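Structure file protein.txt (compact mmCIF, C-alpha atoms (C1' of nucleotides)) follows.
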```txt
# COMPACT_ATOMS: atom_id res chain seq x y z
CA MET M 1 -7.03 -4.17 -36.04
CA VAL M 2 -6.81 -7.86 -35.44
CA VAL M 3 -3.74 -9.56 -36.86
CA GLU M 4 -5.56 -12.52 -38.36
CA SER M 5 -2.59 -14.84 -37.96
CA GLU M 6 -2.56 -18.36 -39.29
CA PRO M 7 -4.57 -20.61 -37.01
CA SER M 8 -2.73 -23.73 -35.92
CA THR M 9 -3.34 -26.94 -37.77
CA GLY M 10 -5.06 -28.15 -34.61
CA VAL M 11 -7.84 -25.59 -34.86
CA LEU M 12 -8.12 -26.24 -38.58
CA LEU M 13 -8.65 -29.94 -37.93
CA PHE M 14 -11.11 -29.39 -35.15
CA LEU M 15 -13.48 -27.00 -36.89
CA PRO M 16 -14.66 -29.31 -39.67
CA TYR M 17 -14.71 -32.26 -37.31
CA ARG M 18 -17.02 -30.44 -34.97
CA ALA M 19 -19.21 -29.23 -37.80
CA LEU M 20 -19.60 -32.78 -39.08
CA GLU M 21 -20.40 -34.18 -35.66
CA ASP M 22 -23.03 -31.52 -35.10
CA ARG M 23 -24.68 -32.34 -38.40
CA VAL M 24 -24.76 -36.04 -37.59
CA PHE M 25 -26.29 -35.47 -34.18
CA ALA M 26 -28.89 -33.10 -35.53
CA ALA M 27 -29.92 -35.59 -38.20
CA LEU M 28 -30.08 -38.45 -35.72
CA ALA M 29 -32.26 -36.41 -33.40
CA GLU M 30 -34.54 -35.48 -36.25
CA ALA M 31 -34.86 -39.13 -37.23
CA GLY M 32 -36.05 -39.93 -33.73
CA PHE M 33 -32.75 -41.12 -32.28
CA ASP M 34 -32.71 -38.55 -29.54
CA ASP M 35 -32.44 -40.89 -26.58
CA PHE M 36 -28.68 -41.11 -26.39
CA THR M 37 -25.97 -38.63 -25.59
CA PRO M 38 -22.72 -37.81 -27.36
CA ALA M 39 -20.75 -39.70 -24.74
CA GLN M 40 -22.84 -42.80 -25.28
CA ALA M 41 -22.48 -42.44 -29.04
CA ARG M 42 -18.72 -42.28 -28.82
CA VAL M 43 -18.74 -45.66 -27.11
CA MET M 44 -21.41 -47.21 -29.33
CA GLN M 45 -19.45 -46.18 -32.39
CA ARG M 46 -16.60 -48.42 -31.36
CA VAL M 47 -18.58 -51.62 -31.05
CA GLY M 48 -17.41 -54.00 -33.77
CA PRO M 49 -19.69 -56.16 -35.91
CA GLU M 50 -18.91 -59.28 -33.85
CA GLY M 51 -19.26 -57.49 -30.53
CA THR M 52 -16.55 -55.92 -28.43
CA ARG M 53 -15.45 -56.31 -24.82
CA LEU M 54 -16.01 -53.51 -22.36
CA THR M 55 -12.32 -53.17 -21.59
CA GLU M 56 -11.53 -52.81 -25.25
CA LEU M 57 -14.23 -50.18 -25.72
CA ALA M 58 -12.82 -48.26 -22.79
CA GLU M 59 -9.30 -48.30 -24.20
CA GLN M 60 -10.37 -47.18 -27.64
CA ALA M 61 -12.62 -44.44 -26.36
CA GLN M 62 -9.87 -43.42 -23.93
CA ILE M 63 -12.03 -43.62 -20.85
CA THR M 64 -11.91 -45.88 -17.79
CA LYS M 65 -13.71 -49.19 -17.85
CA GLN M 66 -15.99 -47.94 -15.10
CA THR M 67 -17.13 -45.03 -17.25
CA ALA M 68 -17.52 -47.35 -20.23
CA GLY M 69 -19.65 -49.69 -18.12
CA PHE M 70 -21.80 -46.80 -17.00
CA LEU M 71 -22.41 -45.68 -20.58
CA VAL M 72 -23.05 -49.20 -21.87
CA ASP M 73 -25.63 -49.70 -19.09
CA GLN M 74 -27.54 -46.73 -20.43
CA LEU M 75 -27.23 -47.85 -24.05
CA GLU M 76 -28.51 -51.26 -23.03
CA ARG M 77 -31.49 -49.79 -21.21
CA ALA M 78 -32.28 -47.64 -24.26
CA GLY M 79 -32.14 -50.73 -26.47
CA TYR M 80 -29.08 -49.87 -28.55
CA VAL M 81 -26.82 -52.70 -27.40
CA ARG M 82 -26.97 -56.16 -25.82
CA ARG M 83 -24.44 -57.90 -23.61
CA GLU M 84 -23.69 -61.52 -24.49
CA PRO M 85 -21.34 -63.91 -22.77
CA ASP M 86 -17.98 -64.22 -24.48
CA PRO M 87 -17.63 -67.89 -25.52
CA THR M 88 -13.86 -67.70 -25.32
CA ASP M 89 -13.57 -66.21 -21.82
CA GLY M 90 -15.89 -66.79 -18.90
CA ARG M 91 -15.10 -63.49 -17.24
CA ALA M 92 -15.84 -61.39 -20.27
CA ARG M 93 -18.99 -60.33 -22.06
CA LEU M 94 -19.36 -58.98 -25.56
CA VAL M 95 -21.19 -55.76 -26.15
CA CYS M 96 -23.18 -56.15 -29.40
CA LEU M 97 -25.14 -53.66 -31.48
CA ALA M 98 -28.91 -54.15 -31.51
CA ASP M 99 -31.08 -53.43 -34.55
CA LYS M 100 -31.90 -50.00 -33.23
CA ALA M 101 -28.22 -49.10 -33.30
CA LEU M 102 -27.82 -50.41 -36.84
CA ALA M 103 -30.74 -48.25 -37.94
CA ALA M 104 -29.17 -45.22 -36.31
CA LYS M 105 -25.84 -46.02 -37.92
CA GLU M 106 -27.50 -46.01 -41.31
CA VAL M 107 -28.80 -42.49 -40.72
CA ALA M 108 -25.43 -41.36 -39.44
CA ASP M 109 -23.54 -42.84 -42.37
CA SER M 110 -25.79 -41.16 -44.90
CA VAL M 111 -25.31 -37.76 -43.28
CA VAL M 112 -21.57 -38.24 -43.26
CA ALA M 113 -21.71 -39.07 -46.95
CA GLU M 114 -23.81 -35.99 -47.61
CA VAL M 115 -21.46 -33.68 -45.74
CA GLU M 116 -18.48 -35.18 -47.53
CA ARG M 117 -20.19 -34.46 -50.84
CA GLU M 118 -20.65 -30.83 -49.78
CA TRP M 119 -17.00 -30.59 -48.82
CA GLU M 120 -15.93 -32.06 -52.10
CA GLU M 121 -18.09 -29.57 -53.90
CA HIS M 122 -16.44 -26.71 -52.03
CA LEU M 123 -12.88 -27.96 -52.36
CA GLY M 124 -13.02 -29.59 -55.74
CA ARG M 125 -12.32 -33.23 -56.44
CA ARG M 126 -8.58 -32.89 -56.48
CA ARG M 127 -8.15 -31.04 -53.21
CA MET M 128 -10.60 -33.34 -51.45
CA LYS M 129 -8.55 -36.31 -52.56
CA GLN M 130 -5.35 -34.62 -51.37
CA LEU M 131 -7.00 -33.89 -48.03
CA ARG M 132 -7.97 -37.48 -47.43
CA GLU M 133 -4.60 -38.70 -48.60
CA ALA M 134 -2.72 -36.42 -46.21
CA LEU M 135 -5.01 -37.31 -43.32
CA THR M 136 -4.70 -41.02 -44.00
CA LEU M 137 -0.93 -40.73 -43.95
CA LEU M 138 -1.06 -38.69 -40.77
CA ARG M 139 -3.00 -41.45 -39.14
CA GLU M 140 0.09 -43.62 -39.20
CA ILE M 141 1.74 -41.43 -36.62
CA THR M 142 -1.25 -40.20 -34.64
CA ASP M 143 -3.52 -43.22 -34.24
CA PRO M 144 -2.64 -45.47 -31.32
CA TRP M 145 -5.11 -48.03 -32.73
CA GLY M 146 -3.27 -47.79 -35.99
CA PRO M 147 -4.52 -49.37 -39.21
CA GLY M 148 -4.02 -53.09 -39.35
CA GLN M 149 -4.62 -54.23 -35.79
CA GLN M 150 -8.07 -53.25 -34.61
CA GLU M 151 -11.65 -54.35 -35.30
CA THR M 152 -13.01 -52.07 -37.99
CA PRO M 153 -12.82 -48.33 -37.78
CA SER M 154 -16.39 -48.35 -39.13
CA GLY M 155 -18.28 -45.25 -40.14
CA GLN M 156 -19.12 -41.86 -38.65
CA ALA M 157 -17.23 -39.22 -36.75
CA GLY M 158 -14.46 -39.68 -34.23
CA GLY M 159 -15.10 -38.94 -30.56
CA GLY M 160 -15.10 -35.27 -29.56
CA SER M 161 -15.21 -35.18 -25.89
CA ALA M 162 -17.95 -32.57 -25.83
CA MET U 1 -12.03 -61.26 -41.45
CA VAL U 2 -11.66 -57.57 -40.93
CA VAL U 3 -12.67 -55.44 -43.90
CA GLU U 4 -10.47 -52.43 -43.13
CA SER U 5 -12.82 -50.06 -44.93
CA GLU U 6 -12.05 -46.40 -45.49
CA PRO U 7 -12.66 -44.47 -42.30
CA SER U 8 -14.82 -41.40 -42.72
CA THR U 9 -13.19 -38.04 -43.07
CA GLY U 10 -14.56 -37.26 -39.61
CA VAL U 11 -12.44 -39.89 -37.92
CA LEU U 12 -9.46 -38.88 -40.00
CA LEU U 13 -9.81 -35.30 -38.81
CA PHE U 14 -10.32 -36.22 -35.22
CA LEU U 15 -7.36 -38.55 -34.75
CA PRO U 16 -4.58 -36.03 -35.39
CA TYR U 17 -6.49 -33.34 -33.54
CA ARG U 18 -6.70 -35.50 -30.47
CA ALA U 19 -3.07 -36.53 -30.73
CA LEU U 20 -2.01 -32.90 -30.88
CA GLU U 21 -4.16 -31.88 -27.95
CA ASP U 22 -2.79 -34.71 -25.87
CA ARG U 23 0.75 -33.67 -26.62
CA VAL U 24 0.04 -30.09 -25.66
CA PHE U 25 -1.56 -31.06 -22.37
CA ALA U 26 1.22 -33.45 -21.48
CA ALA U 27 3.83 -30.78 -22.14
CA LEU U 28 1.93 -28.19 -20.12
CA ALA U 29 1.62 -30.58 -17.20
CA GLU U 30 5.32 -31.35 -17.35
CA ALA U 31 6.13 -27.66 -17.35
CA GLY U 32 4.18 -27.28 -14.13
CA PHE U 33 0.92 -26.03 -15.60
CA ASP U 34 -1.13 -28.83 -14.16
CA ASP U 35 -3.65 -26.78 -12.25
CA PHE U 36 -6.20 -26.31 -14.96
CA THR U 37 -8.50 -28.66 -16.80
CA PRO U 38 -9.19 -29.12 -20.51
CA ALA U 39 -12.53 -27.35 -20.14
CA GLN U 40 -10.84 -24.36 -18.55
CA ALA U 41 -8.19 -24.38 -21.25
CA ARG U 42 -10.78 -24.29 -24.01
CA VAL U 43 -12.16 -21.10 -22.53
CA MET U 44 -8.79 -19.54 -21.74
CA GLN U 45 -7.67 -20.16 -25.30
CA ARG U 46 -10.35 -17.84 -26.56
CA VAL U 47 -9.40 -14.82 -24.49
CA GLY U 48 -8.14 -12.14 -26.85
CA PRO U 49 -5.08 -9.94 -26.24
CA GLU U 50 -7.23 -6.97 -25.19
CA GLY U 51 -9.51 -9.07 -23.02
CA THR U 52 -12.81 -10.64 -23.92
CA ARG U 53 -16.28 -10.50 -22.43
CA LEU U 54 -17.74 -13.53 -20.74
CA THR U 55 -20.68 -13.70 -23.12
CA GLU U 56 -18.38 -13.69 -26.09
CA LEU U 57 -16.22 -16.43 -24.62
CA ALA U 58 -19.32 -18.51 -24.05
CA GLU U 59 -20.49 -18.11 -27.64
CA GLN U 60 -17.15 -18.99 -29.13
CA ALA U 61 -16.62 -21.99 -26.88
CA GLN U 62 -20.20 -23.02 -27.54
CA ILE U 63 -21.19 -23.24 -23.90
CA THR U 64 -23.68 -21.27 -21.81
CA LYS U 65 -22.57 -18.07 -20.12
CA GLN U 66 -23.19 -19.74 -16.77
CA THR U 67 -20.72 -22.48 -17.59
CA ALA U 68 -18.26 -19.94 -18.92
CA GLY U 69 -18.59 -17.94 -15.70
CA PHE U 70 -17.99 -21.06 -13.67
CA LEU U 71 -14.81 -21.90 -15.58
CA VAL U 72 -13.51 -18.33 -15.53
CA ASP U 73 -14.01 -18.24 -11.75
CA GLN U 74 -11.67 -21.20 -11.46
CA LEU U 75 -9.13 -19.76 -13.86
CA GLU U 76 -9.19 -16.55 -11.88
CA ARG U 77 -8.62 -18.36 -8.61
CA ALA U 78 -5.72 -20.27 -10.17
CA GLY U 79 -4.20 -17.00 -11.34
CA TYR U 80 -4.54 -17.46 -15.09
CA VAL U 81 -6.94 -14.61 -15.77
CA ARG U 82 -8.14 -11.33 -14.28
CA ARG U 83 -11.49 -9.61 -14.61
CA GLU U 84 -11.39 -5.92 -15.34
CA PRO U 85 -14.28 -3.53 -15.77
CA ASP U 86 -15.12 -2.83 -19.40
CA PRO U 87 -14.65 0.93 -19.89
CA THR U 88 -17.22 0.97 -22.67
CA ASP U 89 -20.04 -0.80 -20.82
CA GLY U 90 -20.80 -0.68 -17.12
CA ARG U 91 -22.51 -4.06 -17.07
CA ALA U 92 -19.66 -5.90 -18.65
CA ARG U 93 -16.25 -6.99 -17.52
CA LEU U 94 -13.29 -8.04 -19.61
CA VAL U 95 -11.57 -11.31 -18.94
CA CYS U 96 -7.84 -10.76 -19.45
CA LEU U 97 -4.91 -13.17 -19.54
CA ALA U 98 -2.49 -12.93 -16.62
CA ASP U 99 1.25 -13.50 -16.98
CA LYS U 100 0.85 -17.10 -15.90
CA ALA U 101 -1.43 -17.75 -18.85
CA LEU U 102 0.97 -16.08 -21.26
CA ALA U 103 3.76 -18.31 -19.99
CA ALA U 104 1.59 -21.38 -20.48
CA LYS U 105 0.66 -20.21 -23.95
CA GLU U 106 4.32 -20.00 -24.85
CA VAL U 107 4.81 -23.62 -23.87
CA ALA U 108 1.70 -24.68 -25.76
CA ASP U 109 2.69 -22.80 -28.89
CA SER U 110 6.10 -24.35 -28.96
CA VAL U 111 4.68 -27.86 -28.67
CA VAL U 112 2.23 -27.15 -31.47
CA ALA U 113 5.12 -25.99 -33.62
CA GLU U 114 7.09 -29.09 -32.77
CA VAL U 115 4.24 -31.44 -33.62
CA GLU U 116 3.62 -29.62 -36.87
CA ARG U 117 7.28 -30.11 -37.74
CA GLU U 118 6.92 -33.82 -37.11
CA TRP U 119 3.87 -33.97 -39.31
CA GLU U 120 5.61 -32.10 -42.08
CA GLU U 121 8.51 -34.51 -41.84
CA HIS U 122 6.14 -37.44 -42.20
CA LEU U 123 4.03 -35.99 -44.99
CA GLY U 124 6.61 -34.05 -46.87
CA ARG U 125 6.54 -30.32 -47.46
CA ARG U 126 4.16 -30.46 -50.38
CA ARG U 127 1.49 -32.61 -48.80
CA MET U 128 1.61 -30.63 -45.57
CA LYS U 129 0.99 -27.48 -47.55
CA GLN U 130 -1.90 -29.13 -49.40
CA LEU U 131 -3.35 -30.27 -46.10
CA ARG U 132 -3.33 -26.80 -44.60
CA GLU U 133 -4.68 -25.31 -47.79
CA ALA U 134 -7.61 -27.72 -47.94
CA LEU U 135 -8.39 -27.25 -44.24
CA THR U 136 -8.24 -23.49 -44.56
CA LEU U 137 -10.70 -23.60 -47.43
CA LEU U 138 -12.94 -25.95 -45.50
CA ARG U 139 -13.05 -23.47 -42.70
CA GLU U 140 -15.11 -21.17 -44.89
CA ILE U 141 -18.05 -23.53 -44.71
CA THR U 142 -17.57 -25.06 -41.27
CA ASP U 143 -16.54 -22.22 -38.99
CA PRO U 144 -19.41 -20.22 -37.53
CA TRP U 145 -16.87 -17.64 -36.33
CA GLY U 146 -15.57 -17.45 -39.82
CA PRO U 147 -12.31 -15.73 -40.73
CA GLY U 148 -12.51 -11.99 -40.71
CA GLN U 149 -14.78 -11.19 -37.78
CA GLN U 150 -13.40 -12.54 -34.53
CA GLU U 151 -10.60 -11.57 -32.16
CA THR U 152 -7.59 -13.65 -33.07
CA PRO U 153 -7.73 -17.39 -33.50
CA SER U 154 -4.40 -17.48 -31.62
CA GLY U 155 -2.37 -20.58 -31.11
CA GLN U 156 -2.97 -24.14 -29.91
CA ALA U 157 -5.62 -26.69 -30.55
CA GLY U 158 -9.33 -26.20 -31.05
CA GLY U 159 -11.74 -27.24 -28.29
CA GLY U 160 -12.44 -30.93 -27.97
CA SER U 161 -15.02 -31.23 -25.41
CA ALA U 162 -13.25 -33.85 -23.62
C1' DG H 1 -2.30 -75.76 -6.58
C1' DA H 2 -0.65 -71.00 -5.14
C1' DC H 3 -0.18 -66.46 -7.33
C1' DA H 4 -0.35 -62.95 -10.50
C1' DT H 5 -3.22 -61.10 -14.31
C1' DT H 6 -7.29 -59.71 -16.52
C1' DG H 7 -12.52 -58.61 -17.15
C1' DG H 8 -15.78 -56.39 -14.86
C1' DT H 9 -18.64 -54.24 -10.94
C1' DC H 10 -19.67 -51.27 -6.72
C1' DA H 11 -19.22 -46.97 -4.14
C1' DG H 12 -18.01 -42.30 -3.71
C1' DT H 13 -16.52 -37.94 -5.47
C1' DC H 14 -15.52 -34.04 -8.52
C1' DT H 15 -16.06 -31.41 -12.71
C1' DC H 16 -18.75 -29.81 -16.37
C1' DT H 17 -22.82 -28.59 -18.30
C1' DC H 18 -27.54 -27.30 -18.53
C1' DT H 19 -32.20 -24.80 -17.32
C1' DG H 20 -34.61 -21.37 -14.89
C1' DA H 21 -34.95 -17.22 -12.31
C1' DC H 22 -33.00 -13.01 -11.17
C1' DT H 23 -30.30 -8.09 -10.88
C1' DA H 24 -28.18 -4.28 -13.02
C1' DA H 25 -26.73 -1.39 -16.77
C1' DT H 26 -27.64 0.06 -21.56
C1' DT H 27 -30.17 1.03 -25.65
C1' DT H 28 -34.47 2.18 -28.01
C1' DG H 29 -38.82 4.62 -28.96
C1' DG H 30 -41.88 7.62 -28.24
C1' DC B 1 -36.42 12.24 -20.85
C1' DC B 2 -38.72 8.35 -19.24
C1' DA B 3 -40.69 3.50 -19.97
C1' DA B 4 -39.81 -0.77 -22.20
C1' DA B 5 -36.92 -4.00 -24.25
C1' DT B 6 -32.34 -5.80 -24.56
C1' DT B 7 -27.94 -7.28 -22.97
C1' DA B 8 -24.13 -8.62 -19.32
C1' DG B 9 -23.67 -11.31 -15.79
C1' DT B 10 -24.85 -13.95 -11.31
C1' DC B 11 -27.26 -17.37 -8.19
C1' DA B 12 -29.37 -21.89 -7.37
C1' DG B 13 -30.30 -26.54 -8.40
C1' DA B 14 -29.91 -30.75 -11.05
C1' DG B 15 -28.06 -34.31 -14.09
C1' DA B 16 -24.36 -36.42 -16.82
C1' DG B 17 -19.78 -37.97 -17.37
C1' DA B 18 -15.44 -38.83 -15.75
C1' DC B 19 -12.11 -40.41 -12.20
C1' DT B 20 -9.93 -43.19 -8.08
C1' DG B 21 -10.01 -46.97 -5.00
C1' DA B 22 -11.63 -51.28 -3.48
C1' DC B 23 -13.35 -55.39 -4.67
C1' DC B 24 -14.91 -60.28 -6.90
C1' DA B 25 -14.44 -63.91 -10.25
C1' DA B 26 -12.42 -66.35 -14.00
C1' DT B 27 -7.84 -67.26 -16.45
C1' DG B 28 -3.20 -68.06 -17.11
C1' DT B 29 1.50 -69.19 -15.18
C1' DC B 30 4.90 -71.68 -12.82
```
As structure tokens, how would this structure be written, given the file I've shared?
Amino acid sequence: MVVESEPSTGVLLFLPYRALEDRVFAALAEAGFDDFTPAQARVMQRVGPEGTRLTELAEQAQITKQTAGFLVDQLERAGYVRREPDPTDGRARLVCLADKALAAKEVADSVVAEVEREWEEHLGRRRMKQLREALTLLREITDPWGPGQQETPSGQAGGGSA
Amino acid sequence: MVVESEPSTGVLLFLPYRALEDRVFAALAEAGFDDFTPAQARVMQRVGPEGTRLTELAEQAQITKQTAGFLVDQLERAGYVRREPDPTDGRARLVCLADKALAAKEVADSVVAEVEREWEEHLGRRRMKQLREALTLLREITDPWGPGQQETPSGQAGGGSA
DNA sequence: GACATTGGTCAGTCTCTCTGACTAATTTGG
DNA sequence: CCAAATTAGTCAGAGAGACTGACCAATGTC
């Protein structure tokens, strides 16, 4: 007779996140972008339009710089990113998105938009707006890379560890 | 010039989820429960009060039964779960929570409650209620284990893959 | 100019996850 | 009631992702 108690807000947040991420990955695979893994995507997602340093990618993705380097190597080999010297610091290099990554991002963004439309249809305009408003506010106290100090939080879904 | 565009709902969902999970893990570690990994926790979390079969755990955690078996082995060795024969099926065994797991769950639940209080304080009562309402509705179209058919969604945070 | 800091790589290890092949108990269909 | 199909779980092997520790090279500091 299962009690069916209120699930914690954590579970409630995770379920739609996961559903969205799955949709995005499925669509990318179907569009031919099947040569990268979730872990690689979570790094690629954080590359800014002007390029981003490895160390910075590592911090934002909450992994070590070694792991980040490992993943960027693979993305580079698969043709999703380039490494260019950083003009302002001889030690550093900037990881930049290649055209292939921009094409993939377009697919990803359109799926995100589609899923958001579905959600809005299910919730209604008003509740969807309330949802985004509450989440945006929540970001102030849960996002270490808080609004107003990082590159660009660009599109797509967060970074689910998988 | 950074554009600071609207982040997708996916990112917005993920950020607080991750923040919550981190808090829970930190608190567990501090309370001495530092001998299990996130992957193990995601399985343990899904064990119902009457015990749950391995296959069922695997489905809910979205991993293969081999992986689930691997993780349960470790949890068993660490004393968090027991395996008991399933009286209704000679092939199956029920994974059951040991006292140690119940104690850890208590810690986890209290941290979740604390974080939710903080969120409510930041958002205000009304917006927090709207948030939970919208998320609960969203669950209808994003949760494959939809409400009204599984064990108990018990406490804590979802299952981030890490 | 010596010294600490920072960006990044190399090497080694451990955990998680998968696929494939297999055993044993149960259910199904004549 | 027995043969075939299904289901619960294990064993074996491989690859990916993550970490720690040690290291080099360019920068910044005093």
Which neighbours of Phe33 of chain U fall inside 9 Å, counting all atoms listed in the file, when residues of the same chain fewer than 6 positions from it are skipped, and could you give them as a PyMOL selection string?
chain U and resi 25+27+100+104
Check: which chain U residues lie within 9 Å of chain H using all atoms listed in the file, as a list of chain:residue names:
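Selected residues: U:Ala39, U:Ile63, U:Thr64, U:Gln66, U:Thr67, U:Leu71, U:Asp89, U:Gly90, U:Arg91, U:Ala92.
Our summary of the geometry notes that atom CA of Ala134 of chain U is positioned 8.0 Å from atom CA of Gln130 of chain M.
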Chain B residues near chain U (9 Å cut-off, only C-alpha atoms (C1' of nucleotides)) as JSON, numbers by chain
{"B": [7, 8, 9, 10]}
Produce a file of the selected residues containing C-alpha atoms (C1' of nucleotides), as a PDB file, in the frame of the given file.
```pdb
ATOM      1  C1'  DT B   7     -27.940  -7.280 -22.970  1.00  0.00           C
ATOM      2  C1'  DA B   8     -24.130  -8.620 -19.320  1.00  0.00           C
ATOM      3  C1'  DG B   9     -23.670 -11.310 -15.790  1.00  0.00           C
ATOM      4  C1'  DT B  10     -24.850 -13.950 -11.310  1.00  0.00           C
TER       5       DT B  10
END
```
Give me, please, the distance in Å between atom CA of Leu75 of chain U and atom CA of Glu59 of chain U, quoted to one decimal.
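So the answer is 17.9 Å.
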Atom CA of His122 of chain U and atom CA of Leu135 of chain M, how far apart in Å?
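Atom CA of His122 of chain U lies at a distance of 11.2 Å from atom CA of Leu135 of chain M.
Here the question is which of M:Gly32, M:Pro87, M:Gly124, M:Pro7 gets nearest to chain U using only C-alpha atoms, and that residue is M:Pro7.
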